[in-house]
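S.K.: First the structure, then my questions, so here it is.
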Amino acid sequence: MSLYRNTVWLLKGLQEYTKGGYEAAARSFSEADLEVNVSGRSFIITGANSGIGKAAACEIAKRGGTVHLVCRNEDRANEARKDIVERCKNEVHFCSYRPSCLLRVGCSAFSTINNAGCMVNQRELTEDGLEKNFATNTLGTYVLTTALIPTLKKSENPRVITVSSGGMLVQKLNVEDLQFEKGSFDGTMAYAQNKRQQVIMTEQWAAQHKEIHFSSMHPGWADTPAVQSSMPDFHAKMKNKLRTEAQGADTVVWLAISDAASRQPSGLFFQDRKAVSTHLPLASSRSSPAEEQKLMSKLEELAVKFKC
């Protein structure tokens, strides 16, 4: 019975992830939620030189927000910056990933959007000896967010939004093999495990730091450069059903700037402006408090060398 229920739930969910799913959900959206002026607020957005990050940056800039693009490639970031400035007529800056650079953004009101991600389909290591998916999706998110928390606490209405994925629903936290050193490597499953880790981090931070509003979200299946390069077969089969980048970014923007989002409890997981479950019905994907605390402790141990 649980297999049947989960299969039905997944099939329903797969339809919701498409462009059609977004269009159906959008019928109940309140347009007034995004009719806001966020002049005087700053927004740090990682992975913002293309895709969902860039789309979110443009929507926020249109509404007066000062956007700081955090990207690995400065040339691509500057191209994106020029494009956003031209289209949105507002101030946009480039920031490196160094916490010391990001902390200089400090202002009376700012929020952070953790959007950067990667899906490497072969197990590869960074120059620091870390598995690449884990380094970008999990540890990078942890290092950046924890570095900014003290400054966020001094800010007005601070928010942290992490772009996760519905793929995490098929994963239970595996705290004993964070870097996929055991068994055969599957890049898609590694990515999904990282996204489960992001949701747990969000829940843990929300419990620890009441002054900040934390949330994670699933953007649905969007037609982005990352999907095209990392999942070419999937993209070829689904490209006519994929969401636009702006549709994928809609809930990110809603979580970042709307009053309605700030009235939601901190730590929730969203899809199309609604809080949704982080587990399939009757699935064995729940981790224990001890496992979740072990994840946070391991991340802190690994993060020490990158904090400066």
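Residues in the structure tokens are numbered from 1 in each chain, the chains being A, B, ... in the order shown, and ligands are numbered from 1 in the order shown.
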Which neighbours of Pro289 in chain A fall inside 12 Å, counting only C-alpha atoms, when residues of the same chain fewer than 4 positions from it are skipped, and could you give them as a ChimeraX atom specification?
M.R.: /A:173,175,200,203-204,293-296
S.K.: Could you pull the residues within 12 Å of Glu181 in chain A, counting only C-alpha atoms, minus those fewer than 4 positions along the same chain, as JSON, numbers by chain?
M.R.: {"A": [123, 124, 125, 129, 130, 131, 134, 174, 176, 177, 185, 186, 190]}
S.K.: Pull the helix (DSSP H, G or I) assignments for range 53-278 of chain A out of DSSP run on the backbone, and list those residues as a VMD selection string.
M.R.: chain A and resid 53 to 62 74 to 88 99 to 103 132 to 153 166 to 170 187 to 208 225 to 230 232 to 238 245 to 257 259 to 262
S.K.: What does the file look like for those residues with C-alpha atoms, as an mmCIF file, in the first residue's frame?
M.R.:
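Writing the result to out_28.cif gives the following:
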data_model
loop_
_atom_site.group_PDB
_atom_site.id
_atom_site.type_symbol
_atom_site.label_atom_id
_atom_site.label_comp_id
_atom_site.auth_asym_id
_atom_site.auth_seq_id
_atom_site.Cartn_x
_atom_site.Cartn_y
_atom_site.Cartn_z
ATOM 1 C CA GLY A 53 19.593 32.923 -9.753
ATOM 2 C CA LYS A 54 19.799 35.495 -12.513
ATOM 3 C CA ALA A 55 16.025 35.519 -12.970
ATOM 4 C CA ALA A 56 15.535 36.109 -9.233
ATOM 5 C CA ALA A 57 18.163 38.861 -9.278
ATOM 6 C CA CYS A 58 16.366 40.652 -12.096
ATOM 7 C CA GLU A 59 12.939 40.453 -10.424
ATOM 8 C CA ILE A 60 14.337 41.788 -7.154
ATOM 9 C CA ALA A 61 16.289 44.560 -8.918
ATOM 10 C CA LYS A 62 13.103 45.608 -10.743
ATOM 11 C CA GLU A 74 33.920 36.977 -12.537
ATOM 12 C CA ASP A 75 33.680 37.491 -16.309
ATOM 13 C CA ARG A 76 30.331 35.706 -16.529
ATOM 14 C CA ALA A 77 29.136 37.528 -13.426
ATOM 15 C CA ASN A 78 29.957 40.896 -14.972
ATOM 16 C CA GLU A 79 28.131 39.938 -18.171
ATOM 17 C CA ALA A 80 25.076 39.026 -16.099
ATOM 18 C CA ARG A 81 25.426 42.227 -14.061
ATOM 19 C CA LYS A 82 25.445 44.414 -17.172
ATOM 20 C CA ASP A 83 22.419 42.598 -18.577
ATOM 21 C CA ILE A 84 20.426 42.940 -15.345
ATOM 22 C CA VAL A 85 21.318 46.634 -14.996
ATOM 23 C CA GLU A 86 20.249 47.286 -18.593
ATOM 24 C CA ARG A 87 16.943 45.419 -18.200
ATOM 25 C CA CYS A 88 16.057 46.441 -14.652
ATOM 26 C CA PRO A 99 33.271 35.589 3.328
ATOM 27 C CA SER A 100 35.411 38.693 3.900
ATOM 28 C CA CYS A 101 34.057 40.159 0.648
ATOM 29 C CA LEU A 102 30.468 39.239 1.474
ATOM 30 C CA LEU A 103 30.630 40.707 4.954
ATOM 31 C CA LYS A 132 32.560 18.541 -6.028
ATOM 32 C CA ASN A 133 28.807 18.167 -5.602
ATOM 33 C CA PHE A 134 29.106 18.132 -1.820
ATOM 34 C CA ALA A 135 31.570 21.036 -1.822
ATOM 35 C CA THR A 136 29.270 23.315 -3.820
ATOM 36 C CA ASN A 137 25.783 22.252 -2.810
ATOM 37 C CA THR A 138 26.242 21.468 0.873
ATOM 38 C CA LEU A 139 29.491 22.743 2.349
ATOM 39 C CA GLY A 140 29.490 25.951 0.299
ATOM 40 C CA THR A 141 25.963 26.733 1.470
ATOM 41 C CA TYR A 142 26.948 25.993 5.060
ATOM 42 C CA VAL A 143 30.112 28.135 5.012
ATOM 43 C CA LEU A 144 28.443 31.130 3.383
ATOM 44 C CA THR A 145 25.336 31.068 5.573
ATOM 45 C CA THR A 146 27.092 30.572 8.888
ATOM 46 C CA ALA A 147 29.583 33.333 8.039
ATOM 47 C CA LEU A 148 26.710 35.763 7.453
ATOM 48 C CA ILE A 149 24.478 34.804 10.393
ATOM 49 C CA PRO A 150 26.001 37.298 12.891
ATOM 50 C CA THR A 151 25.496 40.157 10.418
ATOM 51 C CA LEU A 152 22.042 38.940 9.415
ATOM 52 C CA LYS A 153 20.980 39.052 13.068
ATOM 53 C CA GLY A 166 12.128 17.882 -4.995
ATOM 54 C CA GLY A 167 14.726 15.252 -5.837
ATOM 55 C CA MET A 168 15.609 15.200 -2.152
ATOM 56 C CA LEU A 169 12.303 13.418 -1.468
ATOM 57 C CA VAL A 170 13.855 10.131 -2.624
ATOM 58 C CA GLY A 187 25.692 12.091 -9.749
ATOM 59 C CA THR A 188 21.906 12.459 -9.742
ATOM 60 C CA MET A 189 21.576 10.691 -6.401
ATOM 61 C CA ALA A 190 24.533 12.653 -4.983
ATOM 62 C CA TYR A 191 22.767 15.870 -5.951
ATOM 63 C CA ALA A 192 19.514 14.671 -4.367
ATOM 64 C CA GLN A 193 21.358 13.751 -1.155
ATOM 65 C CA ASN A 194 22.914 17.236 -1.077
ATOM 66 C CA LYS A 195 19.475 18.760 -1.467
ATOM 67 C CA ARG A 196 18.197 16.697 1.469
ATOM 68 C CA GLN A 197 21.141 18.028 3.472
ATOM 69 C CA GLN A 198 20.199 21.615 2.538
ATOM 70 C CA VAL A 199 16.650 21.116 3.815
ATOM 71 C CA ILE A 200 17.944 19.718 7.105
ATOM 72 C CA MET A 201 20.405 22.609 7.457
ATOM 73 C CA THR A 202 17.546 25.045 6.933
ATOM 74 C CA GLU A 203 15.484 23.350 9.648
ATOM 75 C CA GLN A 204 18.424 23.317 12.048
ATOM 76 C CA TRP A 205 19.276 26.984 11.468
ATOM 77 C CA ALA A 206 15.642 27.988 11.924
ATOM 78 C CA ALA A 207 15.587 26.288 15.317
ATOM 79 C CA GLN A 208 18.879 27.862 16.397
ATOM 80 C CA PRO A 225 21.696 26.086 -18.546
ATOM 81 C CA ALA A 226 22.473 23.784 -15.597
ATOM 82 C CA VAL A 227 19.697 21.359 -16.538
ATOM 83 C CA GLN A 228 20.743 21.451 -20.177
ATOM 84 C CA SER A 229 24.374 20.600 -19.395
ATOM 85 C CA SER A 230 23.951 18.203 -16.450
ATOM 86 C CA PRO A 232 20.872 16.499 -21.459
ATOM 87 C CA ASP A 233 18.651 13.438 -22.002
ATOM 88 C CA PHE A 234 16.073 14.680 -19.512
ATOM 89 C CA HIS A 235 16.162 18.135 -21.079
ATOM 90 C CA ALA A 236 15.682 16.740 -24.593
ATOM 91 C CA LYS A 237 12.626 14.727 -23.525
ATOM 92 C CA MET A 238 11.039 17.377 -21.327
ATOM 93 C CA GLU A 245 13.628 30.499 -15.539
ATOM 94 C CA ALA A 246 11.296 33.210 -14.242
ATOM 95 C CA GLN A 247 8.674 30.615 -13.257
ATOM 96 C CA GLY A 248 11.336 28.610 -11.439
ATOM 97 C CA ALA A 249 12.458 31.761 -9.630
ATOM 98 C CA ASP A 250 8.967 32.930 -8.648
ATOM 99 C CA THR A 251 8.870 31.286 -5.216
ATOM 100 C CA VAL A 252 12.453 32.391 -4.518
ATOM 101 C CA VAL A 253 11.422 36.002 -5.088
ATOM 102 C CA TRP A 254 8.201 35.541 -3.084
ATOM 103 C CA LEU A 255 10.149 34.136 -0.140
ATOM 104 C CA ALA A 256 12.723 36.927 -0.356
ATOM 105 C CA ILE A 257 10.480 39.984 -0.521
ATOM 106 C CA ASP A 259 5.198 40.042 3.629
ATOM 107 C CA ALA A 260 3.123 36.889 3.167
ATOM 108 C CA ALA A 261 6.257 34.730 3.189
ATOM 109 C CA SER A 262 7.628 36.345 6.327
#
S.K.: Using Å and a single decimal, report how far CA of Leu268 in chain A sits from CA of Ser285 in chain A.
M.R.: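 If I compute the distance from CA of Ser285 in chain A to CA of Leu268 in chain A, I get 16.7 Å.
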S.K.: Would you please work out which residue, of A:Ser155, A:Ser42, A:Thr66, A:Thr244, is nearest to Glu23 in chain A when using only C-alpha atoms?
M.R.: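 Counting only C-alpha atoms, the residue closest to Glu23 in chain A is A:Thr244.
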S.K.: Restricting the calculation to only C-alpha atoms, which member of A:Ala48, A:Ser111, A:Glu301, A:Tyr22 is positioned closest to Gly65 in chain A?
M.R.: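 For Gly65 in chain A, the nearest of the given residues is A:Ser111.
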S.K.: Rank A:Ala32, A:Val70, A:Arg63, A:Asn121 by their smallest atom-to-atom distance to Lys89 in chain A, using only C-alpha atoms, and report the top residue only.
M.R.: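 The shortest atom-to-atom distance to Lys89 in chain A comes from A:Arg63.
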S.K.: Counting only C-alpha atoms, which residues of range 149-244 of chain A fall within 8 Å of range 13-18 of chain A, and what is the closest atom pair for each with its distance in Å at one decimal, ordered by chain and rising number, as CSV?
M.R.:
residue,atom,partner,partner_atom,distance
A:Pro219,CA,A:Tyr17,CA,7.8
A:Gly220,CA,A:Tyr17,CA,4.2
A:Trp221,CA,A:Tyr17,CA,5.4
A:Ala222,CA,A:Thr18,CA,7.7
A:Lys241,CA,A:Thr18,CA,5.6
A:Leu242,CA,A:Thr18,CA,5.3
A:Arg243,CA,A:Thr18,CA,5.8
S.K.: With N, CA and C atoms kept, could you save the residues just selected as a tab-separated table (two decimals), in the first residue's frame?
M.R.:
chain	number	residue	atom	x	y	z
A	219	PRO	N	12.11	24.67	-7.00
A	219	PRO	CA	11.67	25.54	-8.08
A	219	PRO	C	10.88	24.84	-9.18
A	220	GLY	N	10.68	23.51	-9.04
A	220	GLY	CA	10.11	22.77	-10.15
A	220	GLY	C	11.18	22.49	-11.19
A	221	TRP	N	10.76	21.96	-12.31
A	221	TRP	CA	11.70	21.66	-13.40
A	221	TRP	C	11.76	22.84	-14.35
A	222	ALA	N	12.86	23.57	-14.31
A	222	ALA	CA	13.01	24.77	-15.13
A	222	ALA	C	14.05	24.56	-16.21
A	241	LYS	N	7.97	20.97	-21.75
A	241	LYS	CA	7.16	21.00	-20.53
A	241	LYS	C	7.87	21.70	-19.37
A	242	LEU	N	9.10	22.10	-19.60
A	242	LEU	CA	9.87	22.72	-18.52
A	242	LEU	C	9.41	24.15	-18.25
A	243	ARG	N	9.53	24.56	-17.00
A	243	ARG	CA	9.21	25.92	-16.62
A	243	ARG	C	10.23	26.89	-17.19
